[in-house]
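Q: Here it is, the structure in full.
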Amino acid sequence: MERSEPEPEHEPEVRLLVYGLLLQGEREHGLLEGAPLLGQVLTAPEHTLVDLDFYPALLVGGRAAVQGELYGVSRHLRFKLDVHHQCPALFRRVSVQLADGTQAETYVMDEDKVRGKRRLRGGSWRGRFEPRKSSVPPGPMTQYAKKRFS
């Protein structure tokens with residue numbers, strides 16, 4: 001009589017918001033191990049995104065709606081990502097509200113670990129190099145340069 005192996009239990013998915021190096025096309029995306037992308041999302045406008053040079057950090061509190069991707073990950077993969085993010089020593093995993101009113105887990109950093117670092121007002125890690133939009137009209141030298149060199 002043959003014995004069949006028990007079927008693995010289906011691990012419940014955790015909704016994980018990624019906003020930095022785990023995004024598609026970024027250098028750590030492979031750590032998601034093929035987890036299904038559930039969609040592009042925005043957080044509720046109550047966060048701050050900080051540029052730490054090599055990676056971003058999300059802070060609880062602020063006015064930015066942070067852009068990211070939502071993935072369905074297993075609890076096992078979430079544990080591996082916790083280790084990678086040095087959670088809870090460097091980052092903390094918390095539940096945040098998304099713009100559509102639903103909740104997702106993500107990694108945040110405490111304010112005291114990012115003092116003096118640049119805040120990304122647009123809420124986008126990929127948009128960090130885009131020129132800032134100014135509400136001030138161009139001055140006479142800018143107008144001269146545009147006429148002279150265009």
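Letters A, B, ... mark the chains of the structure tokens in the order given; residue numbers begin at 1 per chain; ligand numbers begin at 1, in order shown.
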Return as number ranges by chain the full set of residues in chain A whose backbone-based DSSP assignment is strand (DSSP E).
A: A: 14-18, 37-42, 47-51, 56-60, 67-73, 92-97, 103-108, 118-119
Q: Using DSSP on the backbone coordinates, identify the residues of chain A assigned to helix (DSSP H, G or I); present them as an MDAnalysis selection string.
A: chainID A and resid 29:32 75:84 111:113 126:129 140:149
Q: Report as a VMD selection string all protein, DNA and RNA residues lying within 9 Å of Arg126 of chain A, evaluated on only C-alpha atoms, omitting residues in the same chain fewer than 4 positions from it.
A: chain A and resid 19 to 20 130
Q: Neighbours of Val73 of chain A within 8 Å (only C-alpha atoms; same-chain residues fewer than 2 positions away dropped), as a PDB file with N, CA and C atoms, in the first residue's frame?
A:
```
ATOM      1  N   GLU A  13      -2.369  34.390   2.623  1.00  0.00           N
ATOM      2  CA  GLU A  13      -1.549  35.473   2.112  1.00  0.00           C
ATOM      3  C   GLU A  13      -1.619  36.684   3.020  1.00  0.00           C
ATOM      4  N   VAL A  14      -0.521  37.388   3.046  1.00  0.00           N
ATOM      5  CA  VAL A  14      -0.433  38.654   3.750  1.00  0.00           C
ATOM      6  C   VAL A  14      -0.313  39.718   2.668  1.00  0.00           C
ATOM      7  N   ARG A  15      -1.064  40.791   2.790  1.00  0.00           N
ATOM      8  CA  ARG A  15      -0.966  41.896   1.830  1.00  0.00           C
ATOM      9  C   ARG A  15       0.197  42.777   2.250  1.00  0.00           C
ATOM     10  N   LEU A  16       1.229  42.837   1.395  1.00  0.00           N
ATOM     11  CA  LEU A  16       2.441  43.576   1.717  1.00  0.00           C
ATOM     12  C   LEU A  16       2.637  44.711   0.726  1.00  0.00           C
ATOM     13  N   LEU A  32      11.146  38.902  -3.477  1.00  0.00           N
ATOM     14  CA  LEU A  32       9.715  38.582  -3.372  1.00  0.00           C
ATOM     15  C   LEU A  32       9.394  37.190  -3.907  1.00  0.00           C
ATOM     16  N   ALA A  35       6.114  36.333  -5.728  1.00  0.00           N
ATOM     17  CA  ALA A  35       4.824  36.607  -5.073  1.00  0.00           C
ATOM     18  C   ALA A  35       3.934  37.368  -6.052  1.00  0.00           C
ATOM     19  N   PRO A  36       2.639  37.084  -6.046  1.00  0.00           N
ATOM     20  CA  PRO A  36       1.746  37.746  -7.003  1.00  0.00           C
ATOM     21  C   PRO A  36       1.564  39.238  -6.714  1.00  0.00           C
ATOM     22  N   TYR A  71       1.612  43.264  -2.846  1.00  0.00           N
ATOM     23  CA  TYR A  71       1.873  41.859  -3.149  1.00  0.00           C
ATOM     24  C   TYR A  71       1.183  40.971  -2.132  1.00  0.00           C
ATOM     25  N   ARG A  75       3.301  33.816   4.851  1.00  0.00           N
ATOM     26  CA  ARG A  75       3.874  34.174   6.143  1.00  0.00           C
ATOM     27  C   ARG A  75       5.351  33.773   6.204  1.00  0.00           C
ATOM     28  N   LEU A  77       7.487  33.789   3.615  1.00  0.00           N
ATOM     29  CA  LEU A  77       8.231  34.808   2.873  1.00  0.00           C
ATOM     30  C   LEU A  77       8.291  36.105   3.680  1.00  0.00           C
ATOM     31  N   ARG A  78       7.210  36.439   4.351  1.00  0.00           N
ATOM     32  CA  ARG A  78       7.208  37.651   5.184  1.00  0.00           C
ATOM     33  C   ARG A  78       8.288  37.552   6.262  1.00  0.00           C
TER      34      ARG A  78
END
```
Q: Which polymer residues have any atom within 10 Å of an atom of segment 57-70 of chain A, counting only C-alpha atoms, with same-chain residues fewer than 5 positions away left out, as number ranges by chain?
A: A: 14-20, 22-24, 35-52, 91, 94, 96, 98-99, 104-111, 113-114, 119-127
